[in-house]
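Raw contents of start09.cif, mmCIF, N, CA and C atoms and all ligand atoms:
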data_work
#
loop_
_atom_site.label_atom_id
_atom_site.label_comp_id
_atom_site.auth_asym_id
_atom_site.auth_seq_id
_atom_site.Cartn_x
_atom_site.Cartn_y
_atom_site.Cartn_z
N MET A 102 9.19 -21.62 21.89
CA MET A 102 9.00 -20.23 21.43
C MET A 102 7.55 -20.03 20.99
N SER A 103 6.98 -18.96 21.34
CA SER A 103 5.62 -18.70 20.89
C SER A 103 5.66 -18.27 19.42
N GLN A 104 4.59 -18.61 18.75
CA GLN A 104 4.53 -18.28 17.33
C GLN A 104 4.07 -16.85 17.16
N ARG A 105 4.69 -16.17 16.27
CA ARG A 105 4.23 -14.80 16.00
C ARG A 105 3.03 -14.83 15.08
N ILE A 106 2.05 -14.03 15.40
CA ILE A 106 0.87 -13.96 14.56
C ILE A 106 1.05 -12.78 13.61
N ARG A 107 1.15 -13.12 12.33
CA ARG A 107 1.53 -12.08 11.38
C ARG A 107 0.36 -11.51 10.59
N VAL A 108 -0.79 -12.15 10.72
CA VAL A 108 -1.89 -11.72 9.87
C VAL A 108 -2.30 -10.27 10.19
N THR A 109 -2.73 -9.60 9.16
CA THR A 109 -3.22 -8.23 9.31
C THR A 109 -4.73 -8.22 9.27
N LEU A 110 -5.33 -7.48 10.17
CA LEU A 110 -6.78 -7.31 10.16
C LEU A 110 -7.09 -5.88 9.75
N VAL A 111 -7.98 -5.74 8.80
CA VAL A 111 -8.37 -4.39 8.39
C VAL A 111 -9.89 -4.24 8.44
N SER A 112 -10.28 -3.16 9.08
CA SER A 112 -11.70 -2.85 9.27
C SER A 112 -12.02 -1.59 8.46
N PHE A 113 -13.10 -1.67 7.70
CA PHE A 113 -13.51 -0.52 6.91
C PHE A 113 -14.79 0.09 7.47
N ASP A 114 -14.74 1.39 7.72
CA ASP A 114 -15.97 2.14 7.93
C ASP A 114 -16.70 2.15 6.56
N ILE A 115 -17.96 2.46 6.55
CA ILE A 115 -18.69 2.43 5.26
C ILE A 115 -19.03 3.85 4.79
N ASP A 116 -19.90 4.54 5.52
CA ASP A 116 -20.34 5.87 5.05
C ASP A 116 -19.19 6.88 5.10
N GLY A 117 -18.96 7.50 3.97
CA GLY A 117 -17.87 8.47 3.89
C GLY A 117 -16.51 7.84 3.66
N THR A 118 -16.49 6.50 3.62
CA THR A 118 -15.21 5.79 3.47
C THR A 118 -15.18 4.92 2.21
N LEU A 119 -16.21 4.08 2.07
CA LEU A 119 -16.27 3.20 0.89
C LEU A 119 -17.18 3.81 -0.18
N GLU A 120 -16.94 3.45 -1.42
CA GLU A 120 -17.73 4.00 -2.54
C GLU A 120 -19.21 3.66 -2.42
N VAL A 121 -19.52 2.59 -1.70
CA VAL A 121 -20.92 2.20 -1.54
C VAL A 121 -21.58 2.90 -0.35
N GLY A 122 -20.84 3.77 0.34
CA GLY A 122 -21.38 4.45 1.51
C GLY A 122 -22.30 5.61 1.14
N ASP A 123 -22.91 6.18 2.16
CA ASP A 123 -23.75 7.36 2.00
C ASP A 123 -23.34 8.37 3.06
N PRO A 124 -22.59 9.40 2.69
CA PRO A 124 -22.10 9.68 1.33
C PRO A 124 -21.03 8.68 0.90
N PRO A 125 -20.85 8.57 -0.42
CA PRO A 125 -19.80 7.68 -0.93
C PRO A 125 -18.42 8.17 -0.50
N GLY A 126 -17.57 7.23 -0.17
CA GLY A 126 -16.19 7.58 0.16
C GLY A 126 -15.27 7.27 -1.00
N ARG A 127 -14.00 7.55 -0.81
CA ARG A 127 -13.08 7.46 -1.94
C ARG A 127 -12.53 6.05 -2.17
N LEU A 128 -12.76 5.14 -1.25
CA LEU A 128 -12.19 3.80 -1.42
C LEU A 128 -13.14 2.89 -2.20
N ASP A 129 -12.62 2.29 -3.26
CA ASP A 129 -13.49 1.40 -4.03
C ASP A 129 -13.40 -0.03 -3.47
N LEU A 130 -14.37 -0.82 -3.88
CA LEU A 130 -14.47 -2.16 -3.31
C LEU A 130 -13.34 -3.07 -3.78
N ASP A 131 -12.66 -2.68 -4.84
CA ASP A 131 -11.50 -3.47 -5.26
C ASP A 131 -10.43 -3.50 -4.17
N LEU A 132 -10.37 -2.43 -3.41
CA LEU A 132 -9.39 -2.41 -2.32
C LEU A 132 -9.75 -3.46 -1.26
N VAL A 133 -11.03 -3.59 -1.02
CA VAL A 133 -11.50 -4.61 -0.07
C VAL A 133 -11.17 -6.00 -0.61
N ARG A 134 -11.45 -6.20 -1.90
CA ARG A 134 -11.15 -7.50 -2.51
C ARG A 134 -9.65 -7.78 -2.44
N ARG A 135 -8.87 -6.74 -2.63
CA ARG A 135 -7.42 -6.91 -2.60
C ARG A 135 -6.95 -7.32 -1.21
N ALA A 136 -7.56 -6.73 -0.20
CA ALA A 136 -7.20 -7.08 1.17
C ALA A 136 -7.48 -8.56 1.41
N LEU A 137 -8.60 -9.04 0.89
CA LEU A 137 -8.93 -10.47 1.05
C LEU A 137 -7.92 -11.34 0.30
N THR A 138 -7.56 -10.90 -0.90
CA THR A 138 -6.58 -11.65 -1.69
C THR A 138 -5.24 -11.74 -0.97
N LEU A 139 -4.91 -10.69 -0.24
CA LEU A 139 -3.64 -10.67 0.49
C LEU A 139 -3.67 -11.54 1.74
N GLY A 140 -4.85 -12.10 2.02
CA GLY A 140 -4.95 -12.97 3.18
C GLY A 140 -5.28 -12.24 4.47
N TYR A 141 -5.66 -10.98 4.35
CA TYR A 141 -6.00 -10.22 5.54
C TYR A 141 -7.36 -10.66 6.09
N VAL A 142 -7.54 -10.44 7.36
CA VAL A 142 -8.86 -10.57 7.95
C VAL A 142 -9.57 -9.25 7.70
N VAL A 143 -10.73 -9.30 7.06
CA VAL A 143 -11.36 -8.08 6.54
C VAL A 143 -12.82 -7.98 6.98
N GLY A 144 -13.23 -6.77 7.29
CA GLY A 144 -14.64 -6.59 7.62
C GLY A 144 -15.00 -5.12 7.70
N SER A 145 -16.24 -4.88 8.10
CA SER A 145 -16.71 -3.50 8.24
C SER A 145 -17.07 -3.22 9.68
N CYS A 146 -16.92 -1.96 10.02
CA CYS A 146 -17.29 -1.50 11.34
C CYS A 146 -17.93 -0.14 11.15
N SER A 147 -19.22 -0.06 11.40
CA SER A 147 -20.00 1.08 10.94
C SER A 147 -21.12 1.37 11.90
N ASP A 148 -21.69 2.57 11.74
CA ASP A 148 -22.90 2.92 12.51
C ASP A 148 -24.11 2.18 11.97
N ARG A 149 -23.99 1.62 10.79
CA ARG A 149 -25.12 0.87 10.22
C ARG A 149 -25.35 -0.41 11.02
N THR A 150 -26.56 -0.91 10.92
CA THR A 150 -26.86 -2.16 11.62
C THR A 150 -26.05 -3.30 11.00
N ILE A 151 -25.87 -4.34 11.78
CA ILE A 151 -25.17 -5.52 11.27
C ILE A 151 -25.87 -6.04 10.02
N ARG A 152 -27.19 -6.10 10.10
CA ARG A 152 -27.96 -6.63 8.98
C ARG A 152 -27.70 -5.81 7.70
N ASN A 153 -27.69 -4.50 7.87
CA ASN A 153 -27.47 -3.64 6.71
C ASN A 153 -26.05 -3.80 6.16
N GLN A 154 -25.10 -3.93 7.05
CA GLN A 154 -23.72 -4.17 6.59
C GLN A 154 -23.64 -5.47 5.81
N GLU A 155 -24.30 -6.49 6.32
CA GLU A 155 -24.29 -7.78 5.64
C GLU A 155 -24.93 -7.67 4.26
N GLU A 156 -25.98 -6.87 4.16
CA GLU A 156 -26.64 -6.68 2.86
C GLU A 156 -25.70 -6.01 1.86
N ILE A 157 -24.96 -5.04 2.34
CA ILE A 157 -24.02 -4.34 1.46
C ILE A 157 -22.98 -5.31 0.89
N TRP A 158 -22.44 -6.14 1.77
CA TRP A 158 -21.41 -7.10 1.31
C TRP A 158 -22.02 -8.16 0.39
N ALA A 159 -23.22 -8.60 0.72
CA ALA A 159 -23.87 -9.60 -0.13
C ALA A 159 -24.11 -9.03 -1.52
N GLU A 160 -24.57 -7.80 -1.56
CA GLU A 160 -24.85 -7.16 -2.84
C GLU A 160 -23.59 -7.00 -3.67
N ALA A 161 -22.48 -6.77 -2.98
CA ALA A 161 -21.20 -6.60 -3.68
C ALA A 161 -20.57 -7.94 -4.02
N GLY A 162 -21.13 -9.01 -3.49
CA GLY A 162 -20.55 -10.33 -3.75
C GLY A 162 -19.22 -10.52 -3.05
N ILE A 163 -19.06 -9.86 -1.91
CA ILE A 163 -17.80 -9.96 -1.17
C ILE A 163 -18.07 -10.65 0.17
N GLU A 164 -17.27 -11.67 0.46
CA GLU A 164 -17.43 -12.38 1.72
C GLU A 164 -16.42 -11.87 2.72
N VAL A 165 -16.90 -11.11 3.68
CA VAL A 165 -15.99 -10.56 4.69
C VAL A 165 -15.98 -11.46 5.93
N HIS A 166 -15.01 -11.24 6.78
CA HIS A 166 -14.87 -12.06 7.99
C HIS A 166 -15.71 -11.54 9.15
N PHE A 167 -15.99 -10.25 9.14
CA PHE A 167 -16.77 -9.71 10.26
C PHE A 167 -17.53 -8.46 9.85
N THR A 168 -18.60 -8.23 10.60
CA THR A 168 -19.31 -6.95 10.54
C THR A 168 -19.51 -6.55 11.99
N ALA A 169 -19.27 -5.30 12.29
CA ALA A 169 -19.34 -4.88 13.68
C ALA A 169 -19.92 -3.48 13.79
N LEU A 170 -20.50 -3.21 14.93
CA LEU A 170 -20.94 -1.85 15.23
C LEU A 170 -19.72 -1.03 15.60
N LYS A 171 -19.84 0.27 15.35
CA LYS A 171 -18.68 1.16 15.47
C LYS A 171 -17.97 1.08 16.82
N HIS A 172 -18.75 0.90 17.86
CA HIS A 172 -18.11 0.90 19.19
C HIS A 172 -17.69 -0.50 19.64
N ARG A 173 -17.74 -1.46 18.72
CA ARG A 173 -17.42 -2.84 19.12
C ARG A 173 -16.13 -3.36 18.48
N LEU A 174 -15.25 -2.47 18.10
CA LEU A 174 -13.99 -2.93 17.53
C LEU A 174 -13.19 -3.78 18.51
N ASP A 175 -13.41 -3.53 19.80
CA ASP A 175 -12.69 -4.34 20.79
C ASP A 175 -13.12 -5.81 20.71
N ASP A 176 -14.39 -6.05 20.39
CA ASP A 176 -14.85 -7.43 20.19
C ASP A 176 -14.16 -8.07 19.00
N VAL A 177 -14.00 -7.29 17.94
CA VAL A 177 -13.34 -7.79 16.74
C VAL A 177 -11.91 -8.20 17.09
N ARG A 178 -11.28 -7.36 17.85
CA ARG A 178 -9.90 -7.65 18.25
C ARG A 178 -9.83 -8.94 19.06
N GLU A 179 -10.82 -9.16 19.90
CA GLU A 179 -10.82 -10.38 20.71
C GLU A 179 -11.08 -11.62 19.87
N ARG A 180 -11.94 -11.46 18.87
CA ARG A 180 -12.31 -12.63 18.06
C ARG A 180 -11.20 -13.08 17.13
N PHE A 181 -10.38 -12.13 16.66
CA PHE A 181 -9.39 -12.45 15.65
C PHE A 181 -7.98 -12.06 16.11
N PRO A 182 -7.19 -13.05 16.53
CA PRO A 182 -5.80 -12.74 16.86
C PRO A 182 -5.09 -12.28 15.58
N ALA A 183 -4.40 -11.18 15.65
CA ALA A 183 -3.69 -10.68 14.48
C ALA A 183 -2.45 -9.93 14.93
N GLY A 184 -1.55 -9.76 13.99
CA GLY A 184 -0.33 -9.04 14.30
C GLY A 184 -0.52 -7.55 14.18
N ARG A 185 -1.55 -7.18 13.43
CA ARG A 185 -1.75 -5.76 13.17
C ARG A 185 -3.23 -5.50 12.95
N TYR A 186 -3.72 -4.47 13.58
CA TYR A 186 -5.14 -4.11 13.48
C TYR A 186 -5.24 -2.69 12.92
N VAL A 187 -5.97 -2.55 11.82
CA VAL A 187 -6.09 -1.24 11.17
C VAL A 187 -7.57 -0.94 10.92
N HIS A 188 -7.99 0.26 11.27
CA HIS A 188 -9.34 0.70 10.92
C HIS A 188 -9.23 1.93 10.03
N ILE A 189 -9.96 1.90 8.91
CA ILE A 189 -9.96 3.03 8.00
C ILE A 189 -11.33 3.68 8.06
N GLY A 190 -11.37 4.97 8.37
CA GLY A 190 -12.64 5.66 8.50
C GLY A 190 -12.49 7.14 8.24
N ASP A 191 -13.60 7.86 8.39
CA ASP A 191 -13.58 9.27 7.98
C ASP A 191 -13.89 10.26 9.10
N THR A 192 -14.06 9.79 10.32
CA THR A 192 -14.45 10.74 11.37
C THR A 192 -13.61 10.57 12.64
N ASP A 193 -13.76 11.55 13.53
CA ASP A 193 -13.09 11.47 14.83
C ASP A 193 -13.66 10.34 15.67
N VAL A 194 -14.92 9.99 15.40
CA VAL A 194 -15.54 8.86 16.12
C VAL A 194 -14.82 7.57 15.73
N ASP A 195 -14.51 7.44 14.45
CA ASP A 195 -13.73 6.28 14.00
C ASP A 195 -12.40 6.23 14.74
N ARG A 196 -11.75 7.36 14.77
CA ARG A 196 -10.44 7.43 15.42
C ARG A 196 -10.55 7.04 16.89
N HIS A 197 -11.57 7.59 17.53
CA HIS A 197 -11.75 7.34 18.96
C HIS A 197 -11.89 5.84 19.26
N PHE A 198 -12.83 5.20 18.56
CA PHE A 198 -13.08 3.79 18.86
C PHE A 198 -11.95 2.90 18.38
N ALA A 199 -11.32 3.30 17.30
CA ALA A 199 -10.18 2.52 16.81
C ALA A 199 -9.04 2.54 17.83
N GLU A 200 -8.70 3.72 18.27
CA GLU A 200 -7.57 3.83 19.19
C GLU A 200 -7.90 3.20 20.53
N ARG A 201 -9.16 3.32 20.94
CA ARG A 201 -9.56 2.72 22.21
C ARG A 201 -9.43 1.20 22.18
N ALA A 202 -9.64 0.63 20.99
CA ALA A 202 -9.58 -0.82 20.85
C ALA A 202 -8.18 -1.29 20.44
N GLY A 203 -7.23 -0.38 20.39
CA GLY A 203 -5.86 -0.77 20.05
C GLY A 203 -5.62 -0.96 18.57
N PHE A 204 -6.45 -0.31 17.74
CA PHE A 204 -6.25 -0.34 16.30
C PHE A 204 -5.42 0.86 15.88
N GLU A 205 -4.69 0.70 14.78
CA GLU A 205 -4.13 1.87 14.11
C GLU A 205 -5.30 2.51 13.37
N PHE A 206 -5.38 3.83 13.41
CA PHE A 206 -6.44 4.50 12.65
C PHE A 206 -5.84 5.17 11.43
N CYS A 207 -6.49 4.97 10.30
CA CYS A 207 -6.08 5.66 9.08
C CYS A 207 -7.27 6.44 8.55
N HIS A 208 -7.12 7.74 8.40
CA HIS A 208 -8.20 8.55 7.83
C HIS A 208 -8.30 8.28 6.34
N VAL A 209 -9.54 8.18 5.87
CA VAL A 209 -9.76 7.79 4.47
C VAL A 209 -9.08 8.76 3.49
N GLU A 210 -8.95 10.03 3.90
CA GLU A 210 -8.31 11.01 3.00
C GLU A 210 -6.80 10.93 3.09
N GLU A 211 -6.29 10.11 4.00
CA GLU A 211 -4.83 10.04 4.17
C GLU A 211 -4.30 8.64 3.95
N VAL A 212 -5.07 7.83 3.22
CA VAL A 212 -4.60 6.48 2.92
C VAL A 212 -3.33 6.60 2.07
N PRO A 213 -2.24 6.00 2.52
CA PRO A 213 -0.98 6.13 1.77
C PRO A 213 -1.07 5.43 0.42
N PRO A 214 -0.28 5.89 -0.55
CA PRO A 214 -0.23 5.21 -1.84
C PRO A 214 0.23 3.77 -1.64
N ASP A 215 -0.23 2.88 -2.53
CA ASP A 215 0.23 1.48 -2.50
C ASP A 215 1.74 1.43 -2.46
N GLY A 216 2.25 0.51 -1.69
CA GLY A 216 3.70 0.31 -1.67
C GLY A 216 4.43 1.22 -0.70
N THR A 217 3.70 2.12 -0.05
CA THR A 217 4.34 2.99 0.93
C THR A 217 4.88 2.14 2.08
N ASP A 218 6.08 2.44 2.49
CA ASP A 218 6.73 1.70 3.57
C ASP A 218 5.84 1.63 4.80
N GLY A 219 5.60 0.43 5.28
CA GLY A 219 4.84 0.27 6.50
C GLY A 219 3.33 0.24 6.30
N TRP A 220 2.89 0.53 5.10
CA TRP A 220 1.45 0.50 4.85
C TRP A 220 1.03 -0.91 4.47
N ILE A 221 -0.26 -1.20 4.59
CA ILE A 221 -0.73 -2.57 4.42
C ILE A 221 -1.03 -2.95 2.96
N PHE A 222 -0.98 -1.98 2.06
CA PHE A 222 -1.19 -2.28 0.63
C PHE A 222 0.03 -1.88 -0.19
MG MG B 1 -18.07 7.18 8.23
#
Just give me the structure of the file as structure tokens.
Amino acid sequence: MSQRIRVTLVSFDIDGTLEVGDPPGRLDLDLVRRALTLGYVVGSCSDRTIRNQEEIWAEAGIEVHFTALKHRLDDVRERFPAGRYVHIGDTDVDRHFAERAGFEFCHVEEVPPDGTDGWIF
């Protein structure tokens, strides 16, 4: 029998999504830390350069698994086998690239409350 891969991968857009973005988004970095604590594969996928994304995480003292350019979510999917792929962002561009790469897209303004059935937190 093949083994089921149960891990969840979550990708965060930065600008307009995370509190450290420009403009700041509604998600605080504690949510990112919580995702890591839950054992999720976690990273950012943004229009910002890889270097800039890495600086943001370093400054926050958070070690993420990946940083990717917005249109490269498909690479992330290839690098990390997971049971579930989720991208959280604030624009139609996020939705487009997420869905194209086989991710579930969650709009930052529609993040379900913790504990919601089927949600990752
Ligand atoms: Mg954004």
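Closest to A:His166 among A:Tyr141, A:Phe222, A:Phe204, A:Phe198 is A:Tyr141, based on only N, CA and C atoms.
Near ligand MG 1 (chain B), at distances of 9 Å or less and with only C-alpha atoms and all ligand atoms counted, sit the residues Asp114, Ile115, Asp116, Gly117, Thr118, Leu119, Gly122, Asp123, Pro124, Gly126, Ser147, Asp148, Gly190, Asp191, Thr192, Val194 and Asp195 of chain A.
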For A:Gly144, find every residue with an atom within 6 Å (counting all atoms listed in the file), except residues of its own chain fewer than 5 positions away, and show them as a ChimeraX atom specification. /A:111-113,165-168
Quick one: of A:Asp175, A:Asp218, A:Glu211, A:Glu164, who's nearest to A:Ala199, counting only N, CA and C atoms? A:Asp175
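Interatomic distance, atom C of A:Thr138 against atom N of A:Asp176: 23.9 Å.
Atom CA of A:Glu205 to atom CA of A:Thr217 spans 15.7 Å [interatomic distance, one decimal].
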Using DSSP assignments from the backbone, pull out every residue in stretch 112-219 of chain A that falls under alpha helix (DSSP H) and give it to me as a PyMOL selection string. chain A and resi 130-138+151-161+174-180+193-201
Nearest residue to A:Ala202 from the set A:Arg127, A:Arg180, A:Arg173, A:Arg134 (distances using all atoms listed in the file): A:Arg173
Can you work out the spacing between atom C of A:Ala161 and atom CA of A:Pro182 in Å, to one decimal? 26.0 Å
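Between A:Glu179 and the residues A:Val121, A:Gly203, A:Thr150, A:Val108, the shortest atom-to-atom distance, using only C-alpha atoms, involves A:Gly203.
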So which bits of chain A end up strand (DSSP E or B) when you DSSP the backbone, as an MDAnalysis selection string? chainID A and resid 109:113 119 128 142:147 167:170 185:190 205:208
Written-out stretch 177-200 of chain A (N, CA and C atoms) as a compact mmCIF listing (two decimals), in the first residue's frame:
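File produced: decode08.txt:
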# COMPACT_ATOMS: atom_id res chain seq x y z
N VAL A 177 7.25 24.93 -5.89
CA VAL A 177 7.10 24.61 -4.47
C VAL A 177 6.37 23.27 -4.34
N ARG A 178 5.36 23.13 -5.13
CA ARG A 178 4.59 21.88 -5.10
C ARG A 178 5.46 20.68 -5.47
N GLU A 179 6.34 20.88 -6.42
CA GLU A 179 7.22 19.79 -6.84
C GLU A 179 8.25 19.45 -5.77
N ARG A 180 8.72 20.49 -5.10
CA ARG A 180 9.78 20.26 -4.10
C ARG A 180 9.28 19.58 -2.85
N PHE A 181 8.02 19.84 -2.48
CA PHE A 181 7.51 19.34 -1.21
C PHE A 181 6.25 18.50 -1.41
N PRO A 182 6.38 17.18 -1.34
CA PRO A 182 5.19 16.35 -1.40
C PRO A 182 4.33 16.65 -0.17
N ALA A 183 3.07 16.89 -0.37
CA ALA A 183 2.17 17.19 0.75
C ALA A 183 0.78 16.69 0.42
N GLY A 184 -0.01 16.56 1.46
CA GLY A 184 -1.37 16.11 1.26
C GLY A 184 -2.29 17.26 0.91
N ARG A 185 -1.83 18.46 1.25
CA ARG A 185 -2.69 19.61 1.06
C ARG A 185 -1.82 20.84 0.83
N TYR A 186 -2.18 21.62 -0.16
CA TYR A 186 -1.42 22.82 -0.51
C TYR A 186 -2.36 24.03 -0.41
N VAL A 187 -1.96 25.01 0.40
CA VAL A 187 -2.81 26.18 0.61
C VAL A 187 -1.97 27.44 0.40
N HIS A 188 -2.51 28.38 -0.36
CA HIS A 188 -1.86 29.69 -0.48
C HIS A 188 -2.82 30.75 0.02
N ILE A 189 -2.31 31.62 0.90
CA ILE A 189 -3.13 32.70 1.43
C ILE A 189 -2.60 34.01 0.86
N GLY A 190 -3.47 34.76 0.21
CA GLY A 190 -3.04 36.01 -0.41
C GLY A 190 -4.20 36.98 -0.54
N ASP A 191 -3.90 38.12 -1.15
CA ASP A 191 -4.91 39.19 -1.16
C ASP A 191 -5.35 39.63 -2.56
N THR A 192 -4.87 38.99 -3.60
CA THR A 192 -5.23 39.48 -4.93
C THR A 192 -5.68 38.35 -5.86
N ASP A 193 -6.23 38.76 -7.00
CA ASP A 193 -6.62 37.80 -8.03
C ASP A 193 -5.40 37.12 -8.63
N VAL A 194 -4.26 37.82 -8.58
CA VAL A 194 -3.02 37.22 -9.08
C VAL A 194 -2.63 36.04 -8.19
N ASP A 195 -2.79 36.22 -6.88
CA ASP A 195 -2.55 35.11 -5.96
C ASP A 195 -3.45 33.93 -6.32
N ARG A 196 -4.70 34.24 -6.50
CA ARG A 196 -5.66 33.18 -6.81
C ARG A 196 -5.27 32.45 -8.10
N HIS A 197 -4.91 33.25 -9.09
CA HIS A 197 -4.57 32.68 -10.39
C HIS A 197 -3.41 31.68 -10.29
N PHE A 198 -2.31 32.13 -9.68
CA PHE A 198 -1.14 31.26 -9.62
C PHE A 198 -1.34 30.11 -8.65
N ALA A 199 -2.10 30.35 -7.61
CA ALA A 199 -2.38 29.27 -6.66
C ALA A 199 -3.17 28.16 -7.35
N GLU A 200 -4.24 28.55 -8.00
CA GLU A 200 -5.09 27.54 -8.62
C GLU A 200 -4.38 26.85 -9.77
